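Peer 1: Quick one: the structure is below, and I'll ask about it shortly.
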Amino acid sequence: MSVLLTITLAFQYVVLAYFAVLNLAYTLFGYLGLRSIVVYTRELSQMTLRDLLARESYKPVSILVPAYNEEKSIVASVHSFLGLRFPEFEVVVVSDGSTDQTIPKLIEAFALVEIPAVYCRTLPSAAIRRMFRSLEHGNLVVLEKENGGKADALNAAIDVARYPLICSVDADSLLDADALLRATRPFLEDDDVIAIGGTIRPLNGATIVDGRVTALSMPKGWLERLQILEYTRAFFSGRAGWSHFDALLIISGAFGVFRRSAVIEAGGYLVGTVGEDMELVVRLHRRYRELRQRYRILFTPDPICWTEVPADLGTLRRQRNRWHRGLWETLWHHRSLMFNPRFGRLGTAAFPYFLVFEGVSPIVEAIGWVLIPTTFALGIFNGWFAILFLALSVLYGVLLSQLAVGIETLLLQRYPRLRDRLILFAAAFLEFAGYRQILVLERCLATAQVFRKRGVWGHMQRQGIAEEPRDKAAEAAQ
Amino acid sequence: MWRRWGDYLYAITVLVVFGAEALALAALSLAFFARLLGLLPYTRLLAILTWVVILTCVSLAVVMQHVLVYYAASAWRERTRRERSTEWTELFVRWLFDRTTPVPQRLPREAVDALLDLRETIRGEDGAAIGELIERLGIGARLMARTRSHNFATRLQAVEGLAKARLPSALDAAFQLLDDQSAVVRFMATRVIARTLASLPPGEERERQALRLAERLRVTDLPTGVVEEALLLLDDAAEPVVRVLLQHEGTRPKIVRAALDAAGRLDLSRLSDLVARFLTHPDAELRAAALQCAPRLHLPPEAIADTITKAAEEPIEFVRVQATRALAIIPQSRALPCLWVRLHDASWWVRRAAAETLRGLGPAGVAVLRRADERHPDRFARQMAHHILTEARLAEVP
């Protein structure tokens, strides 16, 4: 009994120390993220973007849009991409064996006609059935291919892409009008940049006119509100912080810009994984470090992509399960990097961090929750201590969330109403009342399923992008 | 887009709050460790934990309050600034019309911003008049003084102001900033110089300053994209700069590449002889860059025909691609057979370049493309010709 007691006590302290180190890391990233935003806002002015447009000193971009059963949102998304403020770009939509009306809707909306599928096949992908061009938009190409997964669809799109930069986006996302201008700017200013990740913000609750987010308001559901808080925290502190250390491991699949040549040389997206976005970034890091070539993979806080976040718990759980399996798959696939000083900060800091504080964290957190009844059963439950420690972890979590919310307030396009601010504040507390625990359990489950469900995506329930008519939107704005 | 106001204060608040929190968490971790080793009594650990909880409560209150106050203050400030800025813009526009409307000697910040924005928008004589007004009001001198600030953000904002103002008197300060420690400031300073030179009237002074810039760019460590952007921003003033970059043996290859590209984009035909020298340069990238800009510079077709047809057969793919596109400028009697051959090149990109070039050559080129579609011996050439012809038909659909 006393051995069990000692083990329980020792484990308690391990959990506490884990909590302290994790929060210190979050704090550091939060501060570095804020600092990089302060510098960034002054580096990239409107004047710079105007010069870029006026003098045409840009690099053309191919926007790659993999789509699987996206009939609800594909037309609005493609409209949004075609309306971007950028001098030279093309949109390559790949319907990855969709079984719904994705292709017919695209044909109807953009006057597509079939053309011979002639392209430079450099990356392997499932067979392309048909290739279309638009009669209305010379820069729109649509592929219809056999189902092969998102990575496979992206590889097919890379083969068809003509331009030196590629931008992968999700089919249920919208981009800010200037997003490409901002995202491609670092490629001009630094010859070593090979990839740029942008900020993703939830679309739910926003007013959309002509494929652009024109006004923000909080969605009605708390599930979506909680995700708004999560995205704010993840992008404005976490990624900005890692980018500061030149050890950014994730560029979200919803919006990332890459040098096409770098992606092709690295072998394209890895098929058969659900974490293809993270895996590609890690592989790029790895390849360039192995070849001892100078390179940079950066996060910039400004090019903003709006994406629909799950509105129901089932879809959210499947999404988080997939994300966590994707993390494990990448960590496993590149396990030789772990604690390997040959890969610099990547091997000695970023990879161990992702293993200890991202991969293992749900397990530690779950054990923390399990410890409460266990210590109670063993008769060593200390009510005061438990309450104080719980209060500390909740308060610290809320504090970190508020730090990110504060950064969001600096954005010109922020949640404008005071009520929204208060909702975000309340959400930071409510996160601990069930939401966080459900996701912890889902991530634990994902850890257990990582080998059994390798490459399995799971069904995602979409609401679709609802556009406001112009007059109604103007009325709402007034 | 981000607000440029209040972010520093927020960063300081965060630094203070989270600095205190970090210390508290570190102390707590040590206390846990000491307790585990039996060096700390339980009551002391509980007391430390209680203090850390209280500190976190206070920190949360501070951050929350800051966010709410900032939210309200920034909304109010933006509204009032917008109104004031409009008023100032109206006053400056009135001054532009009559030149007698009194303008205060000491302008508030929003007035300075409005004036700089006006300078950015209005070109020609009126633009120059605003430039003089900026100079007369001492705004330029103040901006130059602020470029020496220790505060990075202030320095950057001042450099941006100078880029908008385009003041000849600021050129010396801008040249000094090319040695700044921060790469971003160096980029911005290059832009200030380029924009200012572009606004100067042609003459000795512009030539002198342009050569000064060229000398700096020749050995600069600025990225190719930034150099190219600066060259494009120079506009009419670019020619002497590009000439020096192409003429001088010691110019870094990546800068030469940017200069060749700028020569093409700015149609600097007077530099065609210099560009032609690079068509046979030993560096493949420079050869490709020269081939890329050749079609825009009206190089004498007969004189360069041999060089281009030879380049179209080079083993390096990207040189072949550019050479194939450049075939468009040599006499069709030589270009068409060469493009027919390139249609069955081993590289997909060369085949596409050949087909697109044929499409752009008018009826004769399209006829060759049609023939290739029907009876080119190579399957891939037939496919490419068919593909480009289909695209051409689609482009013609009204």
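Ligands are numbered from 1 in the order shown, chains are lettered A, B, ... in the order of the structure tokens, and residues start at 1 in each chain.
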Set the cut-off to 6 Å and count only C-alpha atoms: what are the residues of chain B that reach chain A? Output as an MDAnalysis selection string.
Peer 2: chainID B and resid 1:3 22 25 29 53 60 67 223 225:226 229 232 348 387
Peer 1: Do a neighbour search on Arg320 (chain A) at 9 Å with only C-alpha atoms, toss out local chain neighbours closer than 5 positions, and write the hits as a ChimeraX atom specification.
Peer 2: /A:315,325,439,442-443,446
Peer 1: Please produce a file of the residues just selected, as a tab-separated table (two decimals), in the first residue's frame, where the atoms kept are N, CA, C and O atoms.
Peer 2:
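This went into out.tsv:
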chain	number	residue	atom	x	y	z
A	315	THR	N	-18.38	15.54	-35.47
A	315	THR	CA	-17.39	15.95	-36.49
A	315	THR	C	-16.14	16.50	-35.82
A	315	THR	O	-15.02	16.21	-36.25
A	325	ARG	N	-3.82	11.71	-34.72
A	325	ARG	CA	-3.19	10.57	-35.40
A	325	ARG	C	-2.16	11.08	-36.40
A	325	ARG	O	-1.09	10.51	-36.56
A	439	LEU	N	-12.13	16.35	-25.56
A	439	LEU	CA	-11.08	16.32	-26.58
A	439	LEU	C	-9.85	15.56	-26.09
A	439	LEU	O	-9.16	14.90	-26.87
A	442	GLU	N	-10.64	12.03	-26.68
A	442	GLU	CA	-10.58	11.72	-28.10
A	442	GLU	C	-9.13	11.58	-28.56
A	442	GLU	O	-8.79	10.69	-29.35
A	443	ARG	N	-8.28	12.43	-28.03
A	443	ARG	CA	-6.87	12.37	-28.42
A	443	ARG	C	-6.20	11.12	-27.83
A	443	ARG	O	-5.31	10.54	-28.46
A	446	ALA	N	-7.24	8.47	-30.09
A	446	ALA	CA	-6.47	8.58	-31.34
A	446	ALA	C	-5.09	7.95	-31.16
A	446	ALA	O	-4.58	7.28	-32.07
Peer 1: Just the residues within 12 Å of Asp273 (chain B), please, counting only C-alpha atoms, with nothing from its chain fewer than 5 positions along; format it as a PyMOL selection string.
Peer 2: chain B and resi 243+246-247+260+263+268+278-279+290+294+297-300+303-304
Peer 1: Select from region 139-349 of chain B everything DSSP, run on the backbone, classes as helix (DSSP H, G or I), then give the selection as a short mmCIF file (atom, residue, chain, number, x, y, z; two decimals) with C-alpha atoms, in the first residue's frame.
Peer 2:
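Dumped everything to part32.cif:
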data_model
loop_
_atom_site.label_atom_id
_atom_site.label_comp_id
_atom_site.auth_asym_id
_atom_site.auth_seq_id
_atom_site.Cartn_x
_atom_site.Cartn_y
_atom_site.Cartn_z
CA ILE B 139 8.32 66.88 -41.71
CA GLY B 140 11.14 65.42 -43.76
CA ALA B 141 13.76 66.55 -41.22
CA ARG B 142 11.74 65.05 -38.38
CA LEU B 143 11.34 61.76 -40.24
CA MET B 144 15.07 61.67 -40.94
CA ALA B 145 15.82 62.29 -37.27
CA ARG B 146 13.48 59.44 -36.32
CA PHE B 152 12.95 49.59 -34.20
CA ALA B 153 9.27 50.31 -34.81
CA THR B 154 9.85 54.09 -34.81
CA ARG B 155 12.72 53.67 -37.25
CA LEU B 156 10.62 51.57 -39.60
CA GLN B 157 7.70 53.96 -39.49
CA ALA B 158 10.00 56.88 -40.23
CA VAL B 159 11.54 55.07 -43.19
CA GLU B 160 8.07 54.29 -44.50
CA GLY B 161 7.19 57.97 -44.16
CA LEU B 162 10.26 58.91 -46.18
CA ALA B 163 9.32 56.38 -48.86
CA LYS B 164 5.94 58.07 -49.16
CA ALA B 165 7.37 61.59 -49.06
CA PRO B 168 15.48 64.44 -52.53
CA SER B 169 16.90 65.83 -49.29
CA ALA B 170 16.33 62.45 -47.63
CA LEU B 171 18.51 60.52 -50.07
CA ASP B 172 21.68 60.83 -47.98
CA ALA B 173 19.88 59.54 -44.90
CA ALA B 174 18.40 56.70 -46.93
CA PHE B 175 21.82 55.72 -48.29
CA GLN B 176 23.10 55.60 -44.72
CA LEU B 177 20.25 53.26 -43.81
CA ALA B 183 17.57 43.63 -43.01
CA VAL B 184 14.03 45.04 -43.02
CA VAL B 185 15.30 48.60 -42.63
CA ARG B 186 17.77 48.00 -45.46
CA PHE B 187 14.94 46.75 -47.70
CA MET B 188 12.84 49.78 -46.84
CA ALA B 189 15.76 52.16 -47.41
CA THR B 190 16.30 50.67 -50.88
CA ARG B 191 12.66 51.37 -51.58
CA VAL B 192 12.97 54.97 -50.31
CA ILE B 193 15.89 55.61 -52.67
CA ALA B 194 14.20 53.97 -55.65
CA ARG B 195 10.92 55.81 -55.15
CA THR B 196 12.67 59.15 -54.64
CA LEU B 197 14.88 58.74 -57.71
CA ALA B 198 11.83 57.83 -59.78
CA SER B 199 10.20 61.11 -58.77
CA GLU B 204 22.65 65.38 -63.62
CA GLU B 205 21.54 64.98 -60.02
CA ARG B 206 19.32 61.98 -60.80
CA GLU B 207 22.14 60.40 -62.82
CA ARG B 208 24.62 60.95 -59.99
CA GLN B 209 22.34 59.46 -57.35
CA ALA B 210 21.42 56.57 -59.65
CA LEU B 211 25.07 55.68 -60.11
CA ARG B 212 25.53 55.89 -56.36
CA LEU B 213 22.70 53.40 -55.90
CA ALA B 214 24.11 51.15 -58.61
CA GLU B 215 27.46 50.99 -56.84
CA ARG B 216 25.71 49.95 -53.63
CA LEU B 217 23.52 47.37 -55.34
CA ARG B 218 26.44 45.81 -57.19
CA THR B 224 17.25 39.19 -55.59
CA GLY B 225 13.55 39.98 -55.17
CA VAL B 226 14.26 43.18 -53.25
CA VAL B 227 16.86 44.36 -55.76
CA GLU B 228 14.54 43.62 -58.63
CA GLU B 229 11.70 45.46 -56.95
CA ALA B 230 13.95 48.48 -56.39
CA LEU B 231 14.99 48.45 -60.05
CA LEU B 232 11.37 48.31 -61.16
CA LEU B 233 10.43 51.11 -58.76
CA LEU B 234 13.13 53.28 -60.34
CA ASP B 235 11.10 53.33 -63.54
CA ASP B 236 12.57 56.03 -65.85
CA ALA B 237 15.61 56.36 -63.63
CA ALA B 238 16.46 52.66 -63.88
CA GLU B 239 18.54 52.71 -67.04
CA PRO B 240 21.87 53.99 -65.63
CA VAL B 241 21.55 51.67 -62.65
CA VAL B 242 20.85 48.59 -64.75
CA ARG B 243 23.61 49.60 -67.16
CA VAL B 244 26.20 49.68 -64.37
CA LEU B 245 25.00 46.36 -62.94
CA LEU B 246 25.27 44.67 -66.34
CA GLN B 247 28.51 46.35 -67.38
CA PRO B 253 25.43 36.94 -60.40
CA LYS B 254 22.10 37.10 -58.58
CA ILE B 255 22.11 40.89 -58.93
CA VAL B 256 22.90 40.57 -62.64
CA ARG B 257 19.92 38.22 -62.91
CA ALA B 258 17.69 40.83 -61.30
CA ALA B 259 19.11 43.53 -63.60
CA LEU B 260 18.45 41.40 -66.71
CA ASP B 261 14.90 40.78 -65.62
CA ALA B 262 14.35 44.48 -64.90
CA ALA B 263 15.82 45.39 -68.30
CA GLY B 264 13.21 43.18 -69.92
CA ARG B 265 10.26 44.34 -67.84
CA SER B 269 15.96 48.64 -75.40
CA ARG B 270 19.01 50.88 -75.24
CA LEU B 271 20.68 48.21 -73.15
CA SER B 272 20.04 45.47 -75.72
CA ASP B 273 23.73 45.20 -76.65
CA LEU B 274 24.64 44.64 -73.03
CA VAL B 275 21.89 42.04 -72.61
CA ALA B 276 22.97 40.25 -75.79
CA ARG B 277 26.40 39.65 -74.22
CA PHE B 278 24.76 37.47 -71.59
CA LEU B 279 23.13 35.17 -74.17
CA THR B 280 26.39 33.25 -74.29
CA ALA B 284 23.43 29.04 -67.22
CA GLU B 285 21.08 31.08 -65.03
CA LEU B 286 22.33 34.33 -66.55
CA ARG B 287 22.00 32.86 -70.03
CA ALA B 288 18.41 31.90 -69.25
CA ALA B 289 17.66 35.35 -67.80
CA ALA B 290 19.06 37.04 -70.91
CA LEU B 291 17.05 34.74 -73.16
CA GLN B 292 13.94 35.49 -71.11
CA CYS B 293 14.22 39.25 -71.54
CA ALA B 294 15.46 39.13 -75.17
CA PRO B 295 11.93 39.07 -76.71
CA ARG B 296 11.05 42.35 -74.96
CA PRO B 301 16.76 39.10 -85.02
CA GLU B 302 19.35 38.12 -87.60
CA ALA B 303 22.24 38.78 -85.26
CA ILE B 304 20.98 36.62 -82.44
CA ALA B 305 19.24 33.87 -84.42
CA ASP B 306 22.21 31.52 -84.31
CA THR B 307 22.73 32.03 -80.60
CA ILE B 308 19.09 31.36 -79.76
CA THR B 309 18.71 28.29 -81.96
CA LYS B 310 21.89 26.92 -80.43
CA ALA B 311 20.62 27.66 -76.91
CA GLU B 317 16.28 22.31 -69.34
CA PHE B 318 15.55 25.83 -68.08
CA VAL B 319 17.87 27.36 -70.69
CA ARG B 320 16.09 25.38 -73.39
CA VAL B 321 12.70 26.56 -72.14
CA GLN B 322 13.72 30.23 -72.33
CA ALA B 323 15.49 29.77 -75.65
CA THR B 324 12.39 28.09 -77.09
CA ARG B 325 10.29 31.06 -76.04
CA ALA B 326 12.90 33.46 -77.45
CA LEU B 327 12.62 31.73 -80.83
CA ALA B 328 9.57 33.94 -81.30
CA ILE B 329 11.80 36.92 -82.13
CA GLN B 332 10.02 32.67 -88.82
CA SER B 333 11.83 30.83 -91.58
CA ARG B 334 14.34 29.73 -88.95
CA ALA B 335 12.07 29.64 -85.92
CA LEU B 336 9.34 27.35 -87.24
CA PRO B 337 11.52 24.32 -88.08
CA CYS B 338 13.31 24.75 -84.78
CA LEU B 339 10.00 24.86 -82.85
CA TRP B 340 8.82 21.75 -84.71
CA VAL B 341 11.86 19.94 -83.35
CA ARG B 342 11.35 21.31 -79.84
CA TRP B 348 7.45 18.60 -70.95
CA TRP B 349 8.13 22.27 -70.21
#
Peer 1: Just want the 9 Å neighbourhood of region 197-202 of chain A, counted on only C-alpha atoms, with same-chain residues fewer than 6 positions away dropped. Output as number ranges by chain.
Peer 2: A: 179, 183, 224, 227-228, 231-232, 235-236, 239, 250-252, 254-258, 297-309
Peer 1: Show which residues sit within 6 Å of region 78-85 of chain A, as a ChimeraX atom specification. Count only C-alpha atoms, and ignore same-chain residues fewer than 6 positions away.
Peer 2: /A:174,177-178,211
Peer 1: Can you write out the residues you just picked, keeping C-alpha atoms, as a PDB file, in the first residue's frame?
Peer 2:
ATOM      1  CA  LEU A 174     -12.022  31.567 -47.998  1.00  0.00           C
ATOM      2  CA  ALA A 177      -8.355  39.542 -50.704  1.00  0.00           C
ATOM      3  CA  ASP A 178      -4.709  40.411 -49.978  1.00  0.00           C
ATOM      4  CA  GLY A 211     -16.590  35.364 -51.277  1.00  0.00           C
TER       5      GLY A 211
END
Peer 1: Please return as a PyMOL selection string: the residues of region 177-221 of chain A that backbone DSSP assigns to strand (DSSP E or B).
Peer 2: chain A and resi 193-202+207-209+212-215
Peer 1: From the options B:Met64, B:Ile48, B:Ile54, B:Ala31, which residue's atoms come nearest to Ala426 (chain A), counting only C-alpha atoms?
Peer 2: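 Distance minimum relative to Ala426 (chain A) lands on B:Met64.
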Peer 1: Would you compute the distance between CA of Ala367 (chain B) and CA of Ser347 (chain B)? Give it in Å to one decimal.
Peer 2: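 Going from CA of Ala367 (chain B) over to CA of Ser347 (chain B), I get 22.8 Å.
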Peer 1: Fewer than 6 positions away in the same chain doesn't count, so skip those; otherwise give me all residues within 7 Å of Asp170 (chain A), counting only C-alpha atoms, as a list in words.
Peer 2: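 Non-adjacent residues within range: Val65, Pro66, Gly253 and Ala254 of chain A.
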Peer 1: Can you pull out the residues contacting region 368-375 of chain B? Cut-off 8 Å, using only C-alpha atoms, and skip same-chain residues under 5 positions away; I want them as a PyMOL selection string.
Peer 2: chain B and resi 336+340+355+358-359+381-386+389
Peer 1: Can I get the selected residues back with N, CA, C and O atoms, as an mmCIF file, in the first residue's frame?
Peer 2:
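So out_24.cif came out as:
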data_model
loop_
_atom_site.group_PDB
_atom_site.id
_atom_site.type_symbol
_atom_site.label_atom_id
_atom_site.label_comp_id
_atom_site.auth_asym_id
_atom_site.auth_seq_id
_atom_site.Cartn_x
_atom_site.Cartn_y
_atom_site.Cartn_z
ATOM 1 N N LEU B 336 10.361 28.396 -87.135
ATOM 2 C CA LEU B 336 9.340 27.354 -87.243
ATOM 3 C C LEU B 336 9.934 25.934 -87.284
ATOM 4 O O LEU B 336 9.476 25.060 -86.525
ATOM 5 N N TRP B 340 9.318 23.088 -84.373
ATOM 6 C CA TRP B 340 8.815 21.751 -84.714
ATOM 7 C C TRP B 340 9.647 20.679 -84.000
ATOM 8 O O TRP B 340 9.120 19.724 -83.441
ATOM 9 N N ALA B 355 4.992 24.812 -78.098
ATOM 10 C CA ALA B 355 3.607 24.896 -78.581
ATOM 11 C C ALA B 355 3.028 26.288 -78.335
ATOM 12 O O ALA B 355 2.353 26.852 -79.198
ATOM 13 N N LEU B 358 4.535 28.742 -80.777
ATOM 14 C CA LEU B 358 3.909 28.585 -82.096
ATOM 15 C C LEU B 358 2.535 29.261 -82.125
ATOM 16 O O LEU B 358 2.193 29.942 -83.090
ATOM 17 N N ARG B 359 1.794 29.072 -81.063
ATOM 18 C CA ARG B 359 0.461 29.677 -80.981
ATOM 19 C C ARG B 359 0.549 31.204 -81.062
ATOM 20 O O ARG B 359 -0.285 31.870 -81.654
ATOM 21 N N ALA B 381 4.440 15.175 -78.848
ATOM 22 C CA ALA B 381 4.338 16.439 -79.585
ATOM 23 C C ALA B 381 2.902 16.626 -80.075
ATOM 24 O O ALA B 381 2.337 17.725 -79.990
ATOM 25 N N ARG B 382 2.304 15.534 -80.564
ATOM 26 C CA ARG B 382 0.912 15.615 -81.042
ATOM 27 C C ARG B 382 -0.025 15.991 -79.897
ATOM 28 O O ARG B 382 -0.878 16.867 -80.038
ATOM 29 N N GLN B 383 0.200 15.351 -78.755
ATOM 30 C CA GLN B 383 -0.643 15.639 -77.563
ATOM 31 C C GLN B 383 -0.539 17.109 -77.169
ATOM 32 O O GLN B 383 -1.538 17.776 -76.912
ATOM 33 N N MET B 384 0.695 17.604 -77.113
ATOM 34 C CA MET B 384 0.890 18.991 -76.677
ATOM 35 C C MET B 384 0.265 19.979 -77.664
ATOM 36 O O MET B 384 -0.386 20.935 -77.277
ATOM 37 N N ALA B 385 0.466 19.683 -78.943
ATOM 38 C CA ALA B 385 -0.106 20.570 -79.965
ATOM 39 C C ALA B 385 -1.630 20.589 -79.834
ATOM 40 O O ALA B 385 -2.259 21.657 -79.874
ATOM 41 N N HIS B 386 -2.201 19.418 -79.639
ATOM 42 C CA HIS B 386 -3.651 19.311 -79.506
ATOM 43 C C HIS B 386 -4.141 20.104 -78.284
ATOM 44 O O HIS B 386 -5.121 20.844 -78.350
ATOM 45 N N LEU B 389 -3.878 23.852 -78.887
ATOM 46 C CA LEU B 389 -4.913 24.290 -79.843
ATOM 47 C C LEU B 389 -6.279 24.349 -79.160
ATOM 48 O O LEU B 389 -7.068 25.262 -79.402
#
